[in-house]
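A.B. asks: Contents of entry16.pdb (PDB, C-alpha atoms and all ligand atoms) are below:
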```
MODEL        1
ATOM      1  CA  MET A   1       0.000   0.000   0.000
ATOM      2  CA  GLU A   2       1.223   3.440  -0.821
ATOM      3  CA  THR A   3       1.075   5.873   2.041
ATOM      4  CA  SER A   4       0.314   9.522   1.475
ATOM      5  CA  ASN A   5       3.080  11.855   2.454
ATOM      6  CA  PRO A   6       1.809  14.871   4.365
ATOM      7  CA  ALA A   7       4.633  17.208   3.321
ATOM      8  CA  PRO A   8       5.159  17.654  -0.422
ATOM      9  CA  GLN A   9       8.419  15.931  -1.358
ATOM     10  CA  SER A  10       9.502  18.847  -3.479
ATOM     11  CA  GLU A  11       9.567  21.169  -0.471
ATOM     12  CA  GLN A  12      12.274  19.031   1.066
ATOM     13  CA  ILE A  13      14.325  19.034  -2.120
ATOM     14  CA  ALA A  14      14.010  22.502  -3.580
ATOM     15  CA  PRO A  15      10.926  24.658  -3.121
ATOM     16  CA  GLU A  16      11.543  26.164  -6.574
ATOM     17  CA  LEU A  17      10.662  22.839  -8.181
ATOM     18  CA  ALA A  18       6.997  23.079  -7.165
ATOM     19  CA  GLU A  19       6.863  26.632  -8.529
ATOM     20  CA  ILE A  20       7.802  25.749 -12.104
ATOM     21  CA  ALA A  21       4.645  25.822 -14.251
ATOM     22  CA  LEU A  22       3.956  23.347 -17.044
ATOM     23  CA  VAL A  23       1.907  24.850 -19.852
ATOM     24  CA  LEU A  24       0.059  22.504 -22.217
ATOM     25  CA  VAL A  25      -1.100  24.254 -25.375
ATOM     26  CA  GLU A  26      -4.241  23.036 -27.180
ATOM     27  CA  THR A  27      -3.962  19.465 -25.987
ATOM     28  CA  SER A  28      -6.256  17.219 -28.056
ATOM     29  CA  HIS A  29      -6.422  14.093 -25.903
ATOM     30  CA  PRO A  30      -7.569  14.585 -22.319
ATOM     31  CA  GLY A  31      -5.732  11.369 -21.463
ATOM     32  CA  ASN A  32      -2.486  13.206 -22.169
ATOM     33  CA  ILE A  33      -3.488  15.926 -19.702
ATOM     34  CA  GLY A  34      -4.070  13.240 -17.050
ATOM     35  CA  SER A  35      -0.776  11.482 -17.833
ATOM     36  CA  SER A  36       1.030  14.813 -17.703
ATOM     37  CA  ALA A  37      -0.464  15.610 -14.282
ATOM     38  CA  ARG A  38       0.736  12.248 -13.028
ATOM     39  CA  ALA A  39       4.182  12.666 -14.582
ATOM     40  CA  ALA A  40       4.499  16.136 -13.030
ATOM     41  CA  LYS A  41       3.427  15.032  -9.564
ATOM     42  CA  THR A  42       5.830  12.088  -9.470
ATOM     43  CA  MET A  43       8.666  14.570  -9.933
ATOM     44  CA  GLY A  44       7.373  17.082  -7.381
ATOM     45  CA  LEU A  45       5.834  19.627  -9.769
ATOM     46  CA  ARG A  46       2.237  20.689  -9.349
ATOM     47  CA  LYS A  47       1.430  23.711 -11.506
ATOM     48  CA  LEU A  48      -0.423  22.835 -14.683
ATOM     49  CA  LEU A  49      -1.657  25.562 -17.040
ATOM     50  CA  LEU A  50      -3.937  24.458 -19.873
ATOM     51  CA  VAL A  51      -4.317  26.668 -22.920
ATOM     52  CA  SER A  52      -7.571  25.918 -24.794
ATOM     53  CA  PRO A  53      -7.676  22.185 -24.116
ATOM     54  CA  ARG A  54     -10.081  20.398 -26.444
ATOM     55  CA  ARG A  55     -11.818  18.583 -23.569
ATOM     56  CA  PHE A  56     -11.323  19.452 -19.937
ATOM     57  CA  PRO A  57     -12.317  18.427 -17.335
ATOM     58  CA  ASP A  58     -12.785  14.941 -18.673
ATOM     59  CA  ALA A  59     -13.112  11.397 -17.339
ATOM     60  CA  ASP A  60     -10.122  10.248 -19.434
ATOM     61  CA  ALA A  61      -7.930  12.929 -17.880
ATOM     62  CA  THR A  62      -8.967  11.859 -14.364
ATOM     63  CA  ALA A  63      -8.476   8.160 -15.174
ATOM     64  CA  LEU A  64      -4.942   8.667 -16.482
ATOM     65  CA  ALA A  65      -3.997  11.088 -13.702
ATOM     66  CA  SER A  66      -4.300   8.024 -11.461
ATOM     67  CA  GLY A  67      -4.058   9.734  -8.092
ATOM     68  CA  ALA A  68      -2.703  13.064  -9.320
ATOM     69  CA  ASP A  69      -6.271  14.445  -9.288
ATOM     70  CA  ASP A  70      -5.172  17.266  -6.988
ATOM     71  CA  VAL A  71      -2.832  18.541  -9.709
ATOM     72  CA  LEU A  72      -5.679  18.294 -12.246
ATOM     73  CA  ASP A  73      -8.159  20.020  -9.925
ATOM     74  CA  GLN A  74      -5.783  22.932  -9.459
ATOM     75  CA  ALA A  75      -4.994  23.227 -13.188
ATOM     76  CA  GLN A  76      -5.701  26.692 -14.569
ATOM     77  CA  VAL A  77      -7.422  26.949 -17.923
ATOM     78  CA  HIS A  78      -6.538  29.879 -20.208
ATOM     79  CA  ASP A  79      -7.823  31.059 -23.591
ATOM     80  CA  SER A  80      -4.429  31.952 -25.004
ATOM     81  CA  LEU A  81      -0.734  31.345 -24.400
ATOM     82  CA  ASP A  82      -0.266  35.094 -23.824
ATOM     83  CA  GLN A  83      -2.815  34.984 -21.062
ATOM     84  CA  ALA A  84      -1.212  31.883 -19.498
ATOM     85  CA  LEU A  85       2.281  33.378 -19.595
ATOM     86  CA  ASP A  86       1.200  36.700 -18.147
ATOM     87  CA  GLY A  87       3.242  37.186 -14.987
ATOM     88  CA  TYR A  88       5.934  34.690 -15.955
ATOM     89  CA  GLY A  89       9.494  35.924 -16.326
ATOM     90  CA  VAL A  90      11.059  33.109 -18.289
ATOM     91  CA  ALA A  91       9.435  30.596 -20.639
ATOM     92  CA  TYR A  92      10.968  27.553 -22.311
ATOM     93  CA  ALA A  93       9.408  26.184 -25.512
ATOM     94  CA  CYS A  94       9.691  22.408 -25.883
ATOM     95  CA  SER A  95       9.894  21.268 -29.461
ATOM     96  CA  ALA A  96      11.092  18.181 -31.275
ATOM     97  CA  ARG A  97      12.061  20.280 -34.292
ATOM     98  CA  ARG A  98      14.333  23.273 -34.673
ATOM     99  CA  ARG A  99      12.121  25.115 -37.201
ATOM    100  CA  GLY A 100      14.814  27.661 -37.961
ATOM    101  CA  ILE A 101      13.900  29.743 -34.961
ATOM    102  CA  ARG A 102      16.665  31.853 -33.549
ATOM    103  CA  LEU A 103      16.258  30.997 -29.913
ATOM    104  CA  PRO A 104      19.065  29.638 -27.784
ATOM    105  CA  GLU A 105      18.612  25.861 -27.709
ATOM    106  CA  LEU A 106      19.112  23.830 -24.553
ATOM    107  CA  ASN A 107      19.249  20.085 -24.089
ATOM    108  CA  PRO A 108      17.207  18.640 -21.191
ATOM    109  CA  ARG A 109      20.107  18.747 -18.725
ATOM    110  CA  GLN A 110      21.092  22.284 -19.591
ATOM    111  CA  PHE A 111      17.434  23.278 -19.440
ATOM    112  CA  ALA A 112      16.989  21.799 -15.952
ATOM    113  CA  ALA A 113      19.961  23.593 -14.418
ATOM    114  CA  HIS A 114      18.989  26.831 -16.164
ATOM    115  CA  ALA A 115      15.307  26.691 -15.237
ATOM    116  CA  LEU A 116      16.002  25.836 -11.623
ATOM    117  CA  ALA A 117      18.384  28.765 -11.303
ATOM    118  CA  GLN A 118      15.816  31.073 -12.937
ATOM    119  CA  ALA A 119      13.060  29.778 -10.663
ATOM    120  CA  ARG A 120      14.921  31.163  -7.675
ATOM    121  CA  SER A 121      14.435  34.701  -8.911
ATOM    122  CA  GLY A 122      10.975  34.525 -10.522
ATOM    123  CA  PRO A 123       8.210  32.421 -12.030
ATOM    124  CA  VAL A 124       9.238  30.009 -14.777
ATOM    125  CA  ALA A 125       7.040  28.284 -17.384
ATOM    126  CA  VAL A 126       7.741  25.284 -19.592
ATOM    127  CA  VAL A 127       5.552  25.155 -22.703
ATOM    128  CA  PHE A 128       4.452  22.011 -24.541
ATOM    129  CA  GLY A 129       2.634  21.875 -27.865
ATOM    130  CA  ASN A 130      -0.336  20.069 -29.338
ATOM    131  CA  GLU A 131       0.113  16.355 -30.044
ATOM    132  CA  ARG A 132      -0.238  16.627 -33.799
ATOM    133  CA  VAL A 133       1.190  20.000 -34.769
ATOM    134  CA  GLY A 134       3.402  20.860 -31.807
ATOM    135  CA  LEU A 135       3.980  24.532 -31.031
ATOM    136  CA  SER A 136       3.503  27.135 -33.759
ATOM    137  CA  ASN A 137       6.326  29.545 -34.570
ATOM    138  CA  ALA A 138       4.319  32.355 -32.992
ATOM    139  CA  GLU A 139       3.969  30.345 -29.787
ATOM    140  CA  ILE A 140       7.667  29.496 -29.727
ATOM    141  CA  GLU A 141       8.498  33.148 -30.186
ATOM    142  CA  ARG A 142       6.673  33.942 -26.952
ATOM    143  CA  CYS A 143       9.440  32.008 -25.191
ATOM    144  CA  GLN A 144      13.097  32.861 -24.631
ATOM    145  CA  TYR A 145      14.602  29.375 -24.927
ATOM    146  CA  LEU A 146      14.015  26.283 -27.003
ATOM    147  CA  VAL A 147      14.333  22.879 -25.333
ATOM    148  CA  ARG A 148      14.916  19.884 -27.534
ATOM    149  CA  ILE A 149      15.217  16.299 -26.345
ATOM    150  CA  PRO A 150      17.941  14.837 -28.569
ATOM    151  CA  SER A 151      15.842  11.971 -29.917
ATOM    152  CA  ASN A 152      16.165   9.768 -32.996
ATOM    153  CA  PRO A 153      16.354  12.207 -35.959
ATOM    154  CA  GLU A 154      14.184   9.862 -38.012
ATOM    155  CA  PHE A 155      11.533   9.481 -35.293
ATOM    156  CA  GLY A 156      12.060  12.350 -32.911
ATOM    157  CA  SER A 157       8.669  13.325 -31.594
ATOM    158  CA  LEU A 158       7.830  11.925 -28.156
ATOM    159  CA  ASN A 159       4.370  11.558 -26.729
ATOM    160  CA  LEU A 160       3.460  14.769 -24.878
ATOM    161  CA  ALA A 161       3.398  13.213 -21.393
ATOM    162  CA  ALA A 162       6.594  11.251 -22.120
ATOM    163  CA  ALA A 163       8.410  14.467 -23.078
ATOM    164  CA  LEU A 164       7.035  16.157 -19.976
ATOM    165  CA  GLN A 165       8.123  13.219 -17.795
ATOM    166  CA  LEU A 166      11.632  13.340 -19.146
ATOM    167  CA  LEU A 167      12.042  17.077 -18.653
ATOM    168  CA  THR A 168      10.530  17.091 -15.155
ATOM    169  CA  TYR A 169      12.821  14.189 -14.243
ATOM    170  CA  GLU A 170      15.792  16.303 -15.285
ATOM    171  CA  LEU A 171      14.451  19.156 -13.165
ATOM    172  CA  ARG A 172      14.213  16.853 -10.174
ATOM    173  CA  MET A 173      17.729  15.485 -10.737
ATOM    174  CA  ALA A 174      19.078  19.028 -10.950
ATOM    175  CA  ALA A 175      17.246  19.902  -7.720
ATOM    176  CA  LEU A 176      18.638  16.835  -5.960
ATOM    177  CA  GLU A 177      22.121  17.692  -7.113
ATOM    178  CA  LEU A 178      21.715  21.216  -5.828
ATOM    179  CA  VAL A 179      20.590  20.005  -2.415
ATOM    180  CA  GLY A 180      23.455  17.500  -2.347
ATOM    181  CA  LYS A 181      25.930  20.270  -3.075
ATOM    182  CA  LEU A 182      24.473  22.508  -0.393
ATOM    183  CA  LYS A 183      24.007  19.881   2.295
ATOM    184  CA  GLY A 184      26.522  17.217   1.274
ATOM    185  CA  LYS A 185      28.999  16.336   3.974
ATOM    186  CA  PRO A 186      32.514  15.346   3.055
ATOM    187  CA  ASP A 187      33.299  11.651   3.572
ATOM    188  CA  PRO A 188      34.164  11.410   7.289
ATOM    189  CA  ARG A 189      36.540   8.490   6.655
ATOM    190  CA  ILE A 190      40.163   9.504   6.599
ATOM    191  CA  PRO A 191      42.356   7.404   4.298
ATOM    192  CA  ALA A 192      45.098   5.507   6.103
ATOM    193  CA  PRO A 193      48.483   7.273   6.249
ATOM    194  CA  LEU A 194      50.617   6.252   3.294
ATOM    195  CA  GLY A 195      53.262   4.791   5.619
ATOM    196  CA  GLU A 196      50.711   2.286   6.931
ATOM    197  CA  MET A 197      49.701   1.436   3.375
ATOM    198  CA  GLU A 198      53.344   0.796   2.498
ATOM    199  CA  ARG A 199      53.862  -1.458   5.515
ATOM    200  CA  MET A 200      50.723  -3.363   4.504
ATOM    201  CA  PHE A 201      52.058  -3.881   0.959
ATOM    202  CA  VAL A 202      55.444  -5.092   2.254
ATOM    203  CA  HIS A 203      53.671  -7.461   4.648
ATOM    204  CA  LEU A 204      51.334  -8.680   1.874
ATOM    205  CA  GLN A 205      54.274  -9.407  -0.420
ATOM    206  CA  GLN A 206      56.091 -11.339   2.344
ATOM    207  CA  VAL A 207      53.046 -13.493   3.029
ATOM    208  CA  LEU A 208      52.369 -14.088  -0.678
ATOM    209  CA  GLU A 209      55.978 -15.183  -1.092
ATOM    210  CA  ARG A 210      55.680 -17.525   1.891
ATOM    211  CA  ILE A 211      52.585 -19.196   0.481
ATOM    212  CA  ARG A 212      54.324 -19.368  -2.939
ATOM    213  CA  PHE A 213      51.632 -17.352  -4.561
ATOM    214  CA  PHE A 214      53.855 -15.682  -7.150
ATOM    215  CA  GLY A 215      55.165 -18.910  -8.684
ATOM    216  CA  SER A 216      56.577 -18.001 -12.077
ATOM    217  CA  ARG A 217      54.780 -14.623 -12.087
ATOM    218  CA  SER A 218      56.694 -11.418 -11.534
ATOM    219  CA  PRO A 219      56.169 -10.284  -7.901
ATOM    220  CA  GLU A 220      56.670  -6.645  -8.953
ATOM    221  CA  ARG A 221      53.914  -6.727 -11.546
ATOM    222  CA  MET A 222      51.536  -8.650  -9.339
ATOM    223  CA  MET A 223      52.202  -6.270  -6.426
ATOM    224  CA  ALA A 224      51.592  -3.289  -8.703
ATOM    225  CA  ARG A 225      48.172  -4.710  -9.569
ATOM    226  CA  LEU A 226      47.314  -5.489  -5.965
ATOM    227  CA  ARG A 227      48.445  -2.012  -4.990
ATOM    228  CA  ARG A 228      46.057  -0.508  -7.527
ATOM    229  CA  LEU A 229      43.222  -2.705  -6.311
ATOM    230  CA  LEU A 230      43.696  -1.859  -2.638
ATOM    231  CA  GLN A 231      44.407   1.820  -3.174
ATOM    232  CA  ARG A 232      41.231   2.239  -5.182
ATOM    233  CA  GLY A 233      39.180   1.588  -2.035
ATOM    234  CA  LEU A 234      41.003   4.320  -0.060
ATOM    235  CA  PRO A 235      41.015   2.165   3.096
ATOM    236  CA  ASP A 236      41.153   3.947   6.440
ATOM    237  CA  ALA A 237      43.638   3.074   9.214
ATOM    238  CA  HIS A 238      41.249   0.604  10.834
ATOM    239  CA  GLU A 239      40.707  -1.256   7.557
ATOM    240  CA  VAL A 240      44.459  -1.437   6.951
ATOM    241  CA  ALA A 241      44.844  -2.820  10.484
ATOM    242  CA  ILE A 242      42.308  -5.556   9.627
ATOM    243  CA  MET A 243      44.347  -6.473   6.529
ATOM    244  CA  ARG A 244      47.515  -6.600   8.630
ATOM    245  CA  GLY A 245      45.680  -8.782  11.153
ATOM    246  CA  ILE A 246      44.694 -11.231   8.390
ATOM    247  CA  LEU A 247      48.296 -11.402   7.163
ATOM    248  CA  SER A 248      49.654 -11.930  10.677
ATOM    249  CA  GLN A 249      47.129 -14.677  11.272
ATOM    250  CA  ILE A 250      48.193 -16.422   8.054
ATOM    251  CA  GLU A 251      51.809 -16.260   9.255
ATOM    252  CA  TYR A 252      50.829 -17.583  12.672
ATOM    253  CA  MET A 253      48.954 -20.511  11.169
ATOM    254  CA  LEU A 254      51.925 -21.288   8.893
ATOM    255  CA  ASP A 255      54.260 -21.221  11.913
ATOM    256  CA  HIS A 256      51.924 -23.328  14.051
ATOM    257  CA  PRO A 257      50.399 -25.948  11.777
ATOM    258  CA  GLY A 258      47.619 -27.932  13.390
ATOM    259  CA  ARG A 259      46.591 -25.233  15.872
ATOM    260  CA  ASP A 260      42.986 -23.988  15.904
ATOM    261  CA  ALA A 261      43.663 -20.294  16.231
ATOM    262  CA  GLY A 262      46.314 -18.009  17.553
ATOM    263  CA  PRO A 263      46.857 -14.780  19.394
ATOM    264  CA  GLN A 264      45.970 -12.772  16.290
ATOM    265  CA  GLY A 265      42.458 -14.280  15.966
ATOM    266  CA  VAL A 266      39.900 -11.650  15.006
ATOM    267  CA  SER A 267      38.757  -9.826  18.121
ATOM    268  CA  GLU A 268      35.289  -8.448  18.725
ATOM    269  CA  GLN A 269      36.595  -4.948  18.090
ATOM    270  CA  ASP A 270      38.044  -5.799  14.697
ATOM    271  CA  GLN A 271      34.763  -7.165  13.445
ATOM    272  CA  GLY A 272      33.128  -3.724  13.430
TER     273      GLY A 272
HETATM  274  N1  LIG B 301       4.316  16.591 -34.398
HETATM  275  C1  LIG B 301       4.680  17.449 -33.337
HETATM  276  C2  LIG B 301       4.881  16.625 -32.104
HETATM  277  C3  LIG B 301       4.182  17.093 -30.961
HETATM  278  S1  LIG B 301       4.447  16.065 -29.593
HETATM  279  C4  LIG B 301       5.962  18.173 -33.644
HETATM  280  O1  LIG B 301       6.745  17.646 -34.375
HETATM  281  O2  LIG B 301       6.215  19.228 -33.051
HETATM  282  C5  LIG B 301       3.772  17.095 -28.348
HETATM  283  C6  LIG B 301       4.754  17.978 -27.614
HETATM  284  O3  LIG B 301       5.665  17.177 -26.872
HETATM  285  C7  LIG B 301       5.622  18.860 -28.471
HETATM  286  O4  LIG B 301       4.965  20.009 -28.920
HETATM  287  C8  LIG B 301       6.730  19.200 -27.514
HETATM  288  O5  LIG B 301       6.326  20.219 -26.631
HETATM  289  C9  LIG B 301       6.900  17.878 -26.768
HETATM  290  N2  LIG B 301       7.968  17.063 -27.404
HETATM  291  C10 LIG B 301       7.820  15.916 -28.092
HETATM  292  N3  LIG B 301       9.012  15.462 -28.527
HETATM  293  C11 LIG B 301       9.944  16.353 -28.087
HETATM  294  C12 LIG B 301      11.353  16.457 -28.225
HETATM  295  N4  LIG B 301      12.070  15.551 -28.880
HETATM  296  N5  LIG B 301      11.967  17.510 -27.639
HETATM  297  C13 LIG B 301      11.271  18.434 -26.953
HETATM  298  N6  LIG B 301       9.936  18.402 -26.820
HETATM  299  C14 LIG B 301       9.276  17.370 -27.365
ENDMDL
END
```
Kindly transcribe the structure held in the file into structure tokens.
Ligand code: SAH

C.D. replies:
Amino acid sequence: METSNPAPQSEQIAPELAEIALVLVETSHPGNIGSSARAAKTMGLRKLLLVSPRRFPDADATALASGADDVLDQAQVHDSLDQALDGYGVAYACSARRRGIRLPELNPRQFAAHALAQARSGPVAVVFGNERVGLSNAEIERCQYLVRIPSNPEFGSLNLAAALQLLTYELRMAALELVGKLKGKPDPRIPAPLGEMERMFVHLQQVLERIRFFGSRSPERMMARLRRLLQRGLPDAHEVAIMRGILSQIEYMLDHPGRDAGPQGVSEQDQG
């Protein structure tokens, strides 16, 4: 069972996310309006502006919203794009085709970072076109940026709600990254001092020689590989001590064949 979350997720990530408006121009299929509401809500966006939808409200829209009814209920309906964009500072036109329009073009990732930054200083709108004809040149010219999902050039037009899902996902990823950058703590683990690493490698080589691991292989080359492997993990001092403990225990068992365990046996403390 899904549980409803009392606080909107987006508030915890970046409040700007919930402020970005999604404008659907002359949508033909109400199902696409419902799917778009759902897509938006899953990514923490809630503002839907509908410009002359063919049918709205509509049972198909509600059915496909599948629980995002609140986003549908709050959707504003406008007669024209100009009216919808009134009060918005920045608008992005989403189009599968370039259409020779001289607007700066952004890919979805560039768009997300850009729009999120803009949303901090004022209202932002993202504009999607009709399923069959897309956005007209006049509609695109109302916007300052063109957003194009770099799709298959021979089959480049996504379903409206799919395009909206992809772009809102990028917005959410950009918001998460932003929060991570602001709140991210540096890794508290401190890599082991290099001296301890060196002593571990010397010890490892001695034990590998004792158990005749190198055979006809070059110890230098094998040690270089093992060095790379162990250094990649940036072990801390405690982890290096565990490795040393393992090596000492191997030596002890070689020196005392037949014994069950020795003084180096793993202690409670080392298991942590
Ligand atoms: N035949 C129309 C397709 C419209 S699809 C055309 O070629 O323009 C409905 C809407 O989804 C588009 O107007 C656009 O806003 C969005 N969309 C679909 N594919 C897209 C893409 N590759 N990049 C950006 N937006 C896209």

A.B. asks: With only C-alpha atoms as the counted atoms, please give the residues lying no more than 10 Å from Gln110 in chain A, apart from itself and same-chain residues fewer than 2 positions off, as a count of residues only.

C.D. replies: 12

A.B. asks: Tell me which residues the PyMOL selection byres (((chain A and resi 207-209) around 10) and not hetatm) grabs here, as a PyMOL selection string.

C.D. replies: chain A and resi 201-206+210-215+219+223+247-248+250-251+254

A.B. asks: With all atoms listed in the file counted, which protein, DNA or RNA residues have an atom no more than 8 Å from (10.0, 30.8, -35.6) in the file frame? Please answer as a PyMOL selection string.

C.D. replies: chain A and resi 99-102+136-138+140-141

A.B. asks: Show me the residues close to (-3.6, 17.5, -20.5) - anything with an atom within 12 Å, counting all atoms listed in the file - and format the list as a ChimeraX atom specification.

C.D. replies: /A:22-40,48-65,69,71-73,75-77,128-131,159-161,164

A.B. asks: Please compute the CA of Gly89 in chain A-CA of Arg132 in chain A distance, one decimal, in Å.

C.D. replies: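 Atom-to-atom, CA of Gly89 in chain A to CA of Arg132 in chain A, that is 27.8 Å.
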
A.B. asks: I'd like to know which of A:Arg97, A:Arg199, A:Arg120, A:Arg189 is closest to Glu154 in chain A, using only C-alpha atoms.

C.D. replies: A:Arg97

A.B. asks: Choose the residue, out of A:Leu229, A:Ala175, A:Leu146, A:Met200, that has the smallest atom-to-atom separation from ligand LIG 301 (chain B); count all atoms listed in the file.

C.D. replies: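 Nearest candidate to ligand LIG 301 (chain B) out of A:Leu229, A:Ala175, A:Leu146, A:Met200: A:Leu146.
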
A.B. asks: Restricting the calculation to only C-alpha atoms and all ligand atoms, which member of A:Lys41, A:Arg228, A:Lys47, A:Arg98 is positioned closest to ligand LIG 301 (chain B)?

C.D. replies: A:Arg98
